[in-house]
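model-v7.txt (compact mmCIF, C-alpha atoms) appears below.
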# COMPACT_ATOMS: atom_id res chain seq x y z
CA MET M 1 20.39 144.89 145.03
CA ALA M 2 21.07 148.44 146.08
CA GLY M 3 24.80 148.12 145.20
CA LYS M 4 24.43 146.75 141.67
CA PRO M 5 23.41 149.91 139.83
CA SER M 6 26.48 151.78 141.08
CA SER M 7 28.83 149.09 139.62
CA LEU M 8 27.44 149.26 136.08
CA PRO M 9 29.26 152.42 134.99
CA ALA M 10 32.56 150.98 136.23
CA CYS M 11 32.02 147.75 134.25
CA SER M 12 31.06 149.67 131.13
CA LEU M 13 34.14 151.85 131.42
CA GLN M 14 36.36 148.83 131.88
CA ARG M 15 34.82 147.11 128.85
CA PHE M 16 35.27 150.27 126.78
CA LEU M 17 38.95 150.58 127.71
CA LEU M 18 39.63 146.93 126.87
CA THR M 19 37.93 147.33 123.49
CA LEU M 20 39.93 150.48 122.74
CA ALA M 21 43.20 148.75 123.67
CA ALA M 22 42.38 145.78 121.44
CA LEU M 23 41.57 148.02 118.48
CA THR M 24 44.81 149.96 118.98
CA LEU M 25 46.84 146.72 119.07
CA ILE M 26 45.17 145.47 115.90
CA SER M 27 45.85 148.78 114.13
CA PHE M 28 49.56 148.75 115.02
CA THR M 29 49.87 145.11 113.98
CA PHE M 30 48.27 145.83 110.60
CA LEU M 31 50.52 148.81 109.93
CA SER M 32 53.64 146.85 110.94
CA LEU M 33 52.78 143.94 108.66
CA ARG M 34 52.03 146.32 105.83
CA SER M 35 55.40 148.03 106.17
CA LEU M 36 57.20 144.68 106.27
CA ARG M 37 55.45 143.47 103.14
CA SER M 38 56.13 146.64 101.19
CA SER M 39 59.11 146.18 98.86
CA PRO M 40 61.46 149.14 98.48
CA GLN M 41 61.51 150.57 94.96
CA TYR M 42 64.78 151.31 93.22
CA PRO M 43 65.55 152.99 89.89
CA SER M 44 66.16 150.35 87.23
CA HIS M 45 69.37 151.85 85.85
CA LEU M 46 72.46 153.53 87.20
CA SER M 47 72.19 157.29 87.46
CA SER M 48 74.45 159.38 85.25
CA SER M 49 76.36 160.62 88.27
CA SER M 50 77.12 157.12 89.50
CA ARG M 51 78.25 156.03 86.03
CA SER M 52 80.61 158.93 85.58
CA SER M 53 81.88 159.01 89.18
CA PRO M 54 82.33 155.46 90.42
CA GLY M 55 84.61 156.70 93.19
CA VAL M 56 82.01 158.88 94.91
CA SER M 57 81.64 158.05 98.59
CA PHE M 58 78.57 158.17 100.79
CA ASP M 59 78.81 160.02 104.08
CA GLY M 60 76.30 160.58 106.84
CA ASP M 61 73.83 158.29 108.54
CA PRO M 62 73.19 154.77 107.17
CA GLY M 63 69.80 155.86 105.90
CA VAL M 64 71.06 158.93 104.05
CA GLY M 65 72.81 158.99 100.69
CA GLU M 66 72.70 155.25 100.14
CA PRO M 67 73.04 153.82 96.62
CA SER M 68 69.61 153.21 95.14
CA ASP M 69 70.58 151.73 91.78
CA LEU M 70 69.54 148.14 92.36
CA PRO M 71 67.09 146.74 89.79
CA SER M 72 63.49 147.92 90.06
CA SER M 73 62.45 144.30 90.62
CA PRO M 74 65.24 143.10 92.94
CA THR M 75 64.17 139.47 93.03
CA VAL M 76 67.67 138.27 92.12
CA TYR M 77 68.91 139.12 95.61
CA HIS M 78 68.29 137.05 98.71
CA SER M 79 67.72 140.25 100.69
CA PRO M 80 67.88 143.41 98.57
CA GLU M 81 67.41 145.82 101.47
CA VAL M 82 70.16 144.21 103.54
CA PHE M 83 72.44 144.20 100.50
CA ARG M 84 71.73 147.87 99.77
CA ARG M 85 72.44 149.04 103.31
CA ASN M 86 75.53 146.87 103.86
CA TYR M 87 76.92 147.86 100.47
CA ALA M 88 76.55 151.56 101.34
CA GLU M 89 78.30 150.98 104.66
CA MET M 90 81.11 149.17 102.86
CA GLU M 91 81.63 152.09 100.50
CA ARG M 92 81.88 154.49 103.41
CA LYS M 93 84.05 152.50 105.79
CA PHE M 94 85.93 149.52 104.32
CA LYS M 95 89.74 149.83 104.34
CA VAL M 96 92.38 147.36 103.17
CA PHE M 97 96.12 147.53 103.79
CA ILE M 98 98.31 146.13 101.01
CA TYR M 99 101.68 144.87 102.15
CA PRO M 100 104.29 146.91 100.22
CA ASP M 101 106.88 144.13 100.11
CA GLY M 102 107.82 142.36 96.88
CA ASP M 103 109.21 143.46 93.52
CA PRO M 104 106.35 144.36 91.11
CA ASN M 105 108.53 143.15 88.23
CA THR M 106 108.54 139.60 89.58
CA TYR M 107 105.56 137.98 91.35
CA TYR M 108 104.10 140.75 93.48
CA GLN M 109 101.86 143.81 93.66
CA THR M 110 100.84 144.21 90.00
CA PRO M 111 98.82 142.01 87.62
CA ARG M 112 100.34 139.85 84.93
CA LYS M 113 97.69 140.94 82.43
CA LEU M 114 94.03 141.95 82.16
CA THR M 115 93.13 139.53 79.37
CA GLY M 116 92.42 135.82 79.09
CA LYS M 117 90.52 133.43 81.30
CA TYR M 118 92.50 134.36 84.42
CA ALA M 119 91.91 138.09 83.99
CA SER M 120 89.84 138.28 87.19
CA GLU M 121 93.02 137.96 89.25
CA GLY M 122 94.69 140.71 87.24
CA TYR M 123 91.74 143.08 87.49
CA PHE M 124 91.58 142.68 91.26
CA PHE M 125 95.30 143.41 91.66
CA GLN M 126 94.91 146.47 89.43
CA ASN M 127 91.75 147.84 91.00
CA ILE M 128 92.52 147.35 94.69
CA ARG M 129 95.63 149.52 94.37
CA GLU M 130 93.66 152.40 92.84
CA SER M 131 90.43 152.07 94.81
CA ARG M 132 88.99 154.05 97.70
CA PHE M 133 89.33 150.96 99.86
CA ARG M 134 93.13 151.09 100.04
CA THR M 135 94.76 152.64 103.08
CA ASP M 136 98.43 153.18 103.82
CA ASP M 137 97.70 153.15 107.55
CA PRO M 138 97.53 149.54 108.80
CA ASP M 139 95.88 150.72 112.02
CA GLN M 140 92.84 151.78 109.96
CA ALA M 141 92.63 148.53 108.01
CA HIS M 142 89.86 145.99 108.42
CA LEU M 143 91.72 143.44 106.28
CA PHE M 144 95.26 142.91 104.96
CA PHE M 145 96.00 141.89 101.35
CA VAL M 146 98.90 139.53 100.63
CA PRO M 147 99.80 140.69 97.07
CA ILE M 148 101.52 137.65 95.58
CA SER M 149 100.31 136.45 92.17
CA PRO M 150 100.56 132.75 91.23
CA HIS M 151 99.43 133.78 87.73
CA LYS M 152 102.62 135.85 87.34
CA MET M 153 104.68 132.92 88.62
CA ARG M 154 103.06 130.65 86.07
CA GLY M 155 103.75 133.19 83.34
CA LYS M 156 107.45 133.15 84.20
CA GLY M 157 107.57 129.36 84.01
CA THR M 158 108.02 128.77 87.74
CA SER M 159 107.61 125.12 88.75
CA TYR M 160 105.03 124.02 91.32
CA GLU M 161 107.75 123.18 93.83
CA ASN M 162 109.42 126.59 93.48
CA MET M 163 106.04 128.34 93.68
CA THR M 164 105.38 126.76 97.06
CA THR M 165 108.82 127.82 98.30
CA ILE M 166 108.47 131.39 97.00
CA VAL M 167 105.04 131.82 98.57
CA GLN M 168 106.14 130.31 101.88
CA ASN M 169 109.23 132.53 102.13
CA TYR M 170 107.24 135.64 101.25
CA VAL M 171 104.44 135.08 103.76
CA GLU M 172 106.78 134.02 106.53
CA GLY M 173 108.78 137.19 105.84
CA LEU M 174 105.67 139.32 106.32
CA ILE M 175 104.85 137.50 109.56
CA SER M 176 108.31 138.17 111.01
CA LYS M 177 108.47 141.79 109.83
CA TYR M 178 105.00 143.05 110.76
CA PRO M 179 102.89 142.53 113.92
CA TYR M 180 99.51 142.26 112.20
CA TRP M 181 99.40 138.58 111.30
CA ASN M 182 99.85 137.35 114.84
CA ARG M 183 96.86 139.31 116.15
CA THR M 184 94.51 136.80 114.50
CA LEU M 185 96.92 134.16 113.12
CA GLY M 186 96.08 135.50 109.67
CA ALA M 187 92.28 135.50 109.95
CA ASP M 188 92.12 139.15 108.82
CA HIS M 189 94.41 138.51 105.83
CA PHE M 190 93.39 137.50 102.33
CA LEU M 191 94.93 136.43 99.05
CA VAL M 192 93.55 136.37 95.51
CA THR M 193 94.27 133.76 92.84
CA CYS M 194 92.37 132.65 89.76
CA HIS M 195 94.82 130.26 88.13
CA ASP M 196 94.52 126.60 89.13
CA VAL M 197 98.13 126.63 90.30
CA GLY M 198 97.23 129.13 92.99
CA VAL M 199 95.68 126.44 95.17
CA ARG M 200 98.86 124.36 95.00
CA ALA M 201 101.17 127.34 95.46
CA PHE M 202 99.95 127.90 99.03
CA GLU M 203 100.13 124.25 100.09
CA GLY M 204 103.29 124.94 102.10
CA LEU M 205 101.33 127.21 104.45
CA PRO M 206 98.62 125.07 106.07
CA PHE M 207 97.91 127.73 108.71
CA LEU M 208 97.17 130.23 105.93
CA ILE M 209 94.79 127.81 104.20
CA LYS M 210 93.08 127.17 107.54
CA ASN M 211 92.82 130.75 108.82
CA SER M 212 93.10 133.30 106.02
CA ILE M 213 90.47 134.28 103.45
CA ARG M 214 91.23 132.76 100.06
CA VAL M 215 89.58 134.46 97.06
CA VAL M 216 89.78 131.78 94.37
CA CYS M 217 88.25 130.86 91.00
CA SER M 218 88.07 127.16 91.90
CA PRO M 219 85.76 127.10 94.96
CA SER M 220 85.08 123.39 95.32
CA TYR M 221 84.02 122.02 98.71
CA ASP M 222 86.10 118.86 98.26
CA VAL M 223 89.53 120.52 97.80
CA GLY M 224 89.93 122.49 101.01
CA TYR M 225 87.71 125.44 100.12
CA ILE M 226 85.81 126.69 103.20
CA PRO M 227 82.55 128.42 102.11
CA HIS M 228 81.91 130.55 105.20
CA LYS M 229 85.52 131.81 105.17
CA ASP M 230 86.73 131.82 101.56
CA VAL M 231 85.31 133.75 98.60
CA ALA M 232 84.41 132.45 95.13
CA LEU M 233 86.04 134.67 92.51
CA PRO M 234 84.10 134.69 89.22
CA GLN M 235 86.23 133.45 86.33
CA VAL M 236 85.61 135.90 83.50
CA LEU M 237 87.29 135.62 80.10
CA GLN M 238 88.31 139.15 79.14
CA PRO M 239 87.64 141.00 76.97
CA PHE M 240 84.20 139.91 75.80
CA ALA M 241 84.30 139.59 72.03
CA LEU M 242 80.72 140.80 71.47
CA PRO M 243 78.23 143.06 73.29
CA ALA M 244 76.02 141.78 76.08
CA GLY M 245 72.87 139.89 75.12
CA GLY M 246 69.42 140.69 76.42
CA ASN M 247 65.81 141.31 75.42
CA ASP M 248 66.34 138.92 72.49
CA ILE M 249 64.28 135.90 73.48
CA GLU M 250 62.73 135.52 70.03
CA ASN M 251 66.20 134.88 68.53
CA ARG M 252 66.97 131.99 70.89
CA THR M 253 65.81 128.96 68.96
CA VAL M 254 68.45 126.41 70.04
CA LEU M 255 67.52 124.48 73.19
CA GLY M 256 71.01 123.88 74.59
CA PHE M 257 74.66 124.45 73.63
CA TRP M 258 78.12 123.34 74.73
CA ALA M 259 81.45 123.09 72.95
CA GLY M 260 84.80 122.50 74.59
CA HIS M 261 87.60 120.14 75.51
CA ARG M 262 86.79 116.83 77.16
CA ASN M 263 89.13 117.42 80.09
CA SER M 264 86.86 116.07 82.84
CA LYS M 265 84.66 113.04 83.41
CA ILE M 266 81.43 115.04 83.23
CA ARG M 267 82.43 116.58 79.89
CA VAL M 268 83.23 113.19 78.44
CA ILE M 269 79.80 111.89 79.48
CA LEU M 270 78.06 115.04 78.20
CA ALA M 271 79.64 114.69 74.76
CA ARG M 272 79.10 110.94 74.54
CA VAL M 273 75.41 111.09 75.48
CA TRP M 274 74.29 114.19 73.59
CA GLU M 275 76.69 115.06 70.74
CA ASN M 276 74.37 113.55 68.09
CA ASP M 277 71.15 115.00 69.44
CA THR M 278 69.16 117.17 67.02
CA GLU M 279 67.89 119.65 69.64
CA LEU M 280 71.04 120.04 71.70
CA ALA M 281 74.10 121.58 70.02
CA ILE M 282 76.79 119.58 71.83
CA SER M 283 80.33 119.41 70.41
CA ASN M 284 83.16 117.42 71.93
CA ASN M 285 85.72 119.95 70.72
CA ARG M 286 85.99 123.70 70.60
CA ILE M 287 84.57 125.30 67.49
CA SER M 288 87.32 125.92 64.98
CA ARG M 289 87.93 129.54 64.03
CA ALA M 290 88.44 128.33 60.46
CA ILE M 291 84.66 127.98 59.94
CA GLY M 292 84.03 131.66 60.69
CA GLU M 293 84.80 134.57 62.96
CA LEU M 294 83.34 134.48 66.49
CA VAL M 295 81.14 131.47 65.67
CA TYR M 296 81.45 130.19 69.25
CA GLN M 297 80.36 133.49 70.81
CA LYS M 298 77.49 133.94 68.34
CA ARG M 299 76.09 130.55 69.35
CA PHE M 300 75.36 132.01 72.79
CA TYR M 301 73.04 134.59 71.20
CA LYS M 302 70.96 131.86 69.54
CA THR M 303 70.66 129.51 72.51
CA LYS M 304 68.25 129.35 75.43
CA PHE M 305 70.36 127.25 77.80
CA CYS M 306 74.17 127.06 77.82
CA ILE M 307 75.61 123.98 79.49
CA CYS M 308 78.44 124.75 81.94
CA PRO M 309 80.16 121.53 83.08
CA GLY M 310 83.27 121.70 85.24
CA GLY M 311 86.60 121.19 83.52
CA SER M 312 89.91 120.45 85.19
CA GLN M 313 88.40 122.32 88.14
CA VAL M 314 84.81 122.76 89.27
CA ASN M 315 84.61 126.27 87.78
CA SER M 316 84.36 127.43 84.17
CA ALA M 317 84.66 130.78 82.42
CA ARG M 318 81.69 129.60 80.34
CA ILE M 319 79.35 130.61 83.18
CA ALA M 320 80.33 134.28 82.89
CA ASP M 321 80.17 133.98 79.08
CA SER M 322 76.63 132.65 79.32
CA ILE M 323 75.56 135.46 81.64
CA HIS M 324 77.12 138.11 79.42
CA TYR M 325 75.56 136.83 76.20
CA GLY M 326 72.12 136.31 77.77
CA CYS M 327 72.09 132.51 77.68
CA ILE M 328 70.73 130.82 80.82
CA PRO M 329 73.68 128.98 82.42
CA VAL M 330 73.09 125.35 83.33
CA ILE M 331 75.54 124.59 86.14
CA LEU M 332 76.62 120.97 85.85
CA SER M 333 79.15 120.65 88.68
CA ASN M 334 79.08 119.09 92.12
CA TYR M 335 80.35 120.91 95.23
CA TYR M 336 80.49 124.32 93.55
CA ASP M 337 80.18 127.41 95.74
CA LEU M 338 78.91 129.78 93.05
CA PRO M 339 80.24 133.36 93.00
CA PHE M 340 78.26 135.78 95.20
CA ASN M 341 76.03 132.89 96.26
CA ASP M 342 75.14 134.51 99.58
CA ILE M 343 74.02 137.69 97.79
CA LEU M 344 72.45 136.48 94.55
CA ASP M 345 69.73 133.87 94.25
CA TRP M 346 71.19 131.76 91.44
CA HIS M 347 67.94 129.83 91.08
CA LYS M 348 66.37 133.01 89.67
CA PHE M 349 68.71 133.21 86.64
CA SER M 350 70.25 129.75 86.16
CA LEU M 351 69.62 126.01 86.42
CA ILE M 352 71.72 124.20 89.02
CA LEU M 353 71.99 120.48 88.38
CA LYS M 354 73.94 117.58 89.78
CA GLU M 355 76.40 115.88 87.48
CA SER M 356 74.22 112.77 87.58
CA ASP M 357 71.45 114.82 85.92
CA VAL M 358 73.40 114.84 82.65
CA TYR M 359 71.50 111.76 81.45
CA GLN M 360 68.16 113.58 81.82
CA LEU M 361 69.50 116.91 80.56
CA LYS M 362 67.23 117.26 77.55
CA SER M 363 64.02 116.42 79.41
CA ILE M 364 64.97 118.83 82.21
CA LEU M 365 65.51 121.69 79.76
CA LYS M 366 62.30 120.95 77.87
CA SER M 367 60.33 120.94 81.13
CA ILE M 368 61.02 124.66 81.57
CA SER M 369 57.94 126.52 80.36
CA HIS M 370 58.16 129.59 78.14
CA GLU M 371 57.00 131.77 81.02
CA GLN M 372 59.69 130.34 83.29
CA PHE M 373 62.32 130.92 80.63
CA ILE M 374 61.26 134.55 80.23
CA ALA M 375 61.54 135.09 83.99
CA LEU M 376 65.00 133.47 84.08
CA HIS M 377 66.19 135.54 81.14
CA LYS M 378 64.91 138.80 82.64
CA SER M 379 66.72 138.10 85.92
CA LEU M 380 69.87 137.09 84.02
CA VAL M 381 70.04 140.48 82.33
CA GLU M 382 69.74 142.16 85.75
CA VAL M 383 72.82 140.38 87.14
CA GLN M 384 75.09 140.93 84.12
CA LYS M 385 76.74 143.99 85.67
CA HIS M 386 77.88 141.93 88.67
CA PHE M 387 80.05 139.74 86.41
CA GLU M 388 81.83 142.53 84.53
CA TRP M 389 85.30 143.87 85.32
CA HIS M 390 86.21 147.53 84.75
CA THR M 391 89.27 149.64 85.41
CA PRO M 392 88.67 151.92 87.11
CA PRO M 393 85.90 149.87 88.75
CA VAL M 394 82.26 150.95 88.74
CA ARG M 395 79.58 150.41 91.34
CA TYR M 396 78.21 146.86 91.66
CA ASP M 397 80.71 145.41 89.17
CA ALA M 398 82.67 142.22 89.87
CA PHE M 399 85.37 144.05 91.81
CA HIS M 400 82.88 145.68 94.15
CA MET M 401 80.99 142.42 94.62
CA VAL M 402 84.21 140.68 95.68
CA MET M 403 84.98 143.57 98.03
CA TYR M 404 81.48 143.23 99.48
CA GLU M 405 82.09 139.53 100.14
CA LEU M 406 85.30 140.45 101.95
CA TRP M 407 83.47 143.15 103.90
CA LEU M 408 80.94 140.58 105.11
CA ARG M 409 83.70 138.27 106.27
CA HIS M 410 85.64 140.88 108.20
CA HIS M 411 82.70 141.20 110.62
CA VAL M 412 83.31 137.73 112.06
CA ILE M 413 86.94 138.51 112.89
CA LYS M 414 87.63 139.58 116.47
CA TYR M 415 90.95 140.64 117.97
Can I see the file as structure tokens?
Amino acid sequence: MAGKPSSLPACSLQRFLLTLAALTLISFTFLSLRSLRSSPQYPSHLSSSSRSSPGVSFDGDPGVGEPSDLPSSPTVYHSPEVFRRNYAEMERKFKVFIYPDGDPNTYYQTPRKLTGKYASEGYFFQNIRESRFRTDDPDQAHLFFVPISPHKMRGKGTSYENMTTIVQNYVEGLISKYPYWNRTLGADHFLVTCHDVGVRAFEGLPFLIKNSIRVVCSPSYDVGYIPHKDVALPQVLQPFALPAGGNDIENRTVLGFWAGHRNSKIRVILARVWENDTELAISNNRISRAIGELVYQKRFYKTKFCICPGGSQVNSARIADSIHYGCIPVILSNYYDLPFNDILDWHKFSLILKESDVYQLKSILKSISHEQFIALHKSLVEVQKHFEWHTPPVRYDAFHMVMYELWLRHHVIKY
């Protein structure tokens, strides 16, 4: 009994310390969760300095001087903070070496043209040569660009067989002349092609298809495209005939729209099932210019949902048209690795359907509530700048988004 009173202060002190430690742990946990849940805020528009000086670089620590011109409600991105930081690092560090070989007047180095539905290839060839990312020192390069253009070959009437031979001789010449290919067997090399013939033109180089990064407009899983290695190039018909759509929901009274050639099975089914429907404007042929100027483009302004079925390939320039004119794209293609899919959450600004859904198309579109449509349309307007080509390029445009995809892929290459 005599010893018990002396132990009470020690027990009280121990209890007090345990309580204090628990409260401290709870406080730190609360603050940590609060910081994780807080979304970073970004200005909703590009600053005047970034518009007028797209070539400005960002130096210093990763947390200093980073671009902060993502949308104020960055829900269109899978991870806006990761995108912002990685993009800033890309602008500071990324370097690409362009092989100087090849006559620009034939199939190499320069674009065929910056217009038409294969303009994306031309814009990339044009912009990479004039961008901050180019280096003349191969020892500084993260990636190596093989500047051969199947689009230029096609424009000169080159046959498929001769294309394959020309490409094979050119690449094998680079391999024998320079030491860089053999360091990774081409894993740090990339090529860019938008024309359908580009896929066939490289068939004579199976090791290139297997190892190198292919930036292509026809990114279908079932034709040799490798999603974690290759890059989906957005097919953008240039120039756009009319200004971008947006904030015009009240004008969109047509439920769905498609007009085009029936050059694929899904297009044939789409036209056969829905061409006589009174709520869906479906035409089994392109709209004739004889009935009025820019009638096809103006239809996008009046429509809520624009149907984008695959054509001869899984891709379609109609997707970029829909985004530009503010019409929610309805992707109706199987095995399509959508452009910038690992950056943008396509479910926030489009409908992604299987080809078998074509028979329920109308009921699917009508099931989208007005509130859901408004949210889709708002997000669509936010991503428009990512599907625009400029020369010189501007921040976050299609060129920079493709470069960002390449930047992500260079990190997995070790030599």
Check: Contacts of range 351-356 of chain M at 7 Å or less, counting all atoms listed in the file, minus same-chain residues fewer than 2 places along, as an MDAnalysis selection string?
Finding: chainID M and resid 266 329:334 347 358:359
Checklist line | Top pick for closest residue to Arg200 in chain M, considering M:Phe94, M:Tyr99, M:Tyr160, M:Trp346 and counting all atoms listed in the file | finding: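 Among the listed residues, the smallest separation from Arg200 in chain M belongs to M:Tyr160.
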Note to self: I'd like the interatomic distance between CA of Leu408 in chain M and CA of Thr115 in chain M, to a tenth of an Å.
What the structure shows: 28.5 Å
Next item on the list: For each of M:Phe133, M:Phe240, M:Trp389, M:Tyr77, take the minimum atom-to-atom distance to Trp407 in chain M, counting only C-alpha atoms, then give the residue where this is smallest.
Entry: M:Phe133
Tell me, counting all atoms listed in the file, for each residue of range 163-264 of chain M within 7 Å of range 148-153 of chain M, which pair of atoms is nearest and how far apart they are in Å to one decimal, in rows ordered by chain and increasing number, as CSV.
residue,atom,partner,partner_atom,distance
M:Met163,CA,M:Met153,CA,7.0
M:Thr193,CA,M:Pro150,CA,6.6
M:His195,CA,M:His151,CA,5.8
M:Val197,CA,M:Pro150,CA,6.7
M:Gly198,CA,M:Pro150,CA,5.2
M:Ala201,CA,M:Pro150,CA,6.9
Item checked: Point-to-point distance from CA of Asp188 in chain M to CA of Val216 in chain M, Å rounded to tenths -> 16.4 Å
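Residues within 9 Å of Gly102 in chain M, counting all atoms listed in the file and excluding same-chain residues fewer than 5 positions away, are M:Tyr107, M:Tyr108, M:Gln109, M:Pro147, M:Ile148, M:Tyr170.
Distance annotation: of M:Leu255, M:Ile249, M:Ile282, M:Val231, the residue with the minimal separation from Glu371 in chain M is M:Ile249; atom set is all atoms listed in the file.
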Hey, can I get the axis-aligned box for range 85-94 of chain M? All listed atoms, 4 Å padding on each side, centre and edge lengths in Å to one decimal, as lines of an AutoDock Vina configuration file.
center_x = 79.2
center_y = 150.7
center_z = 103.1
size_x = 21.5
size_y = 15.6
size_z = 13.3
Notebook entry, point to check: Any idea what the distance is between CA of Tyr325 in chain M and CA of Gly245 in chain M?
Noted result: 4.2 Å
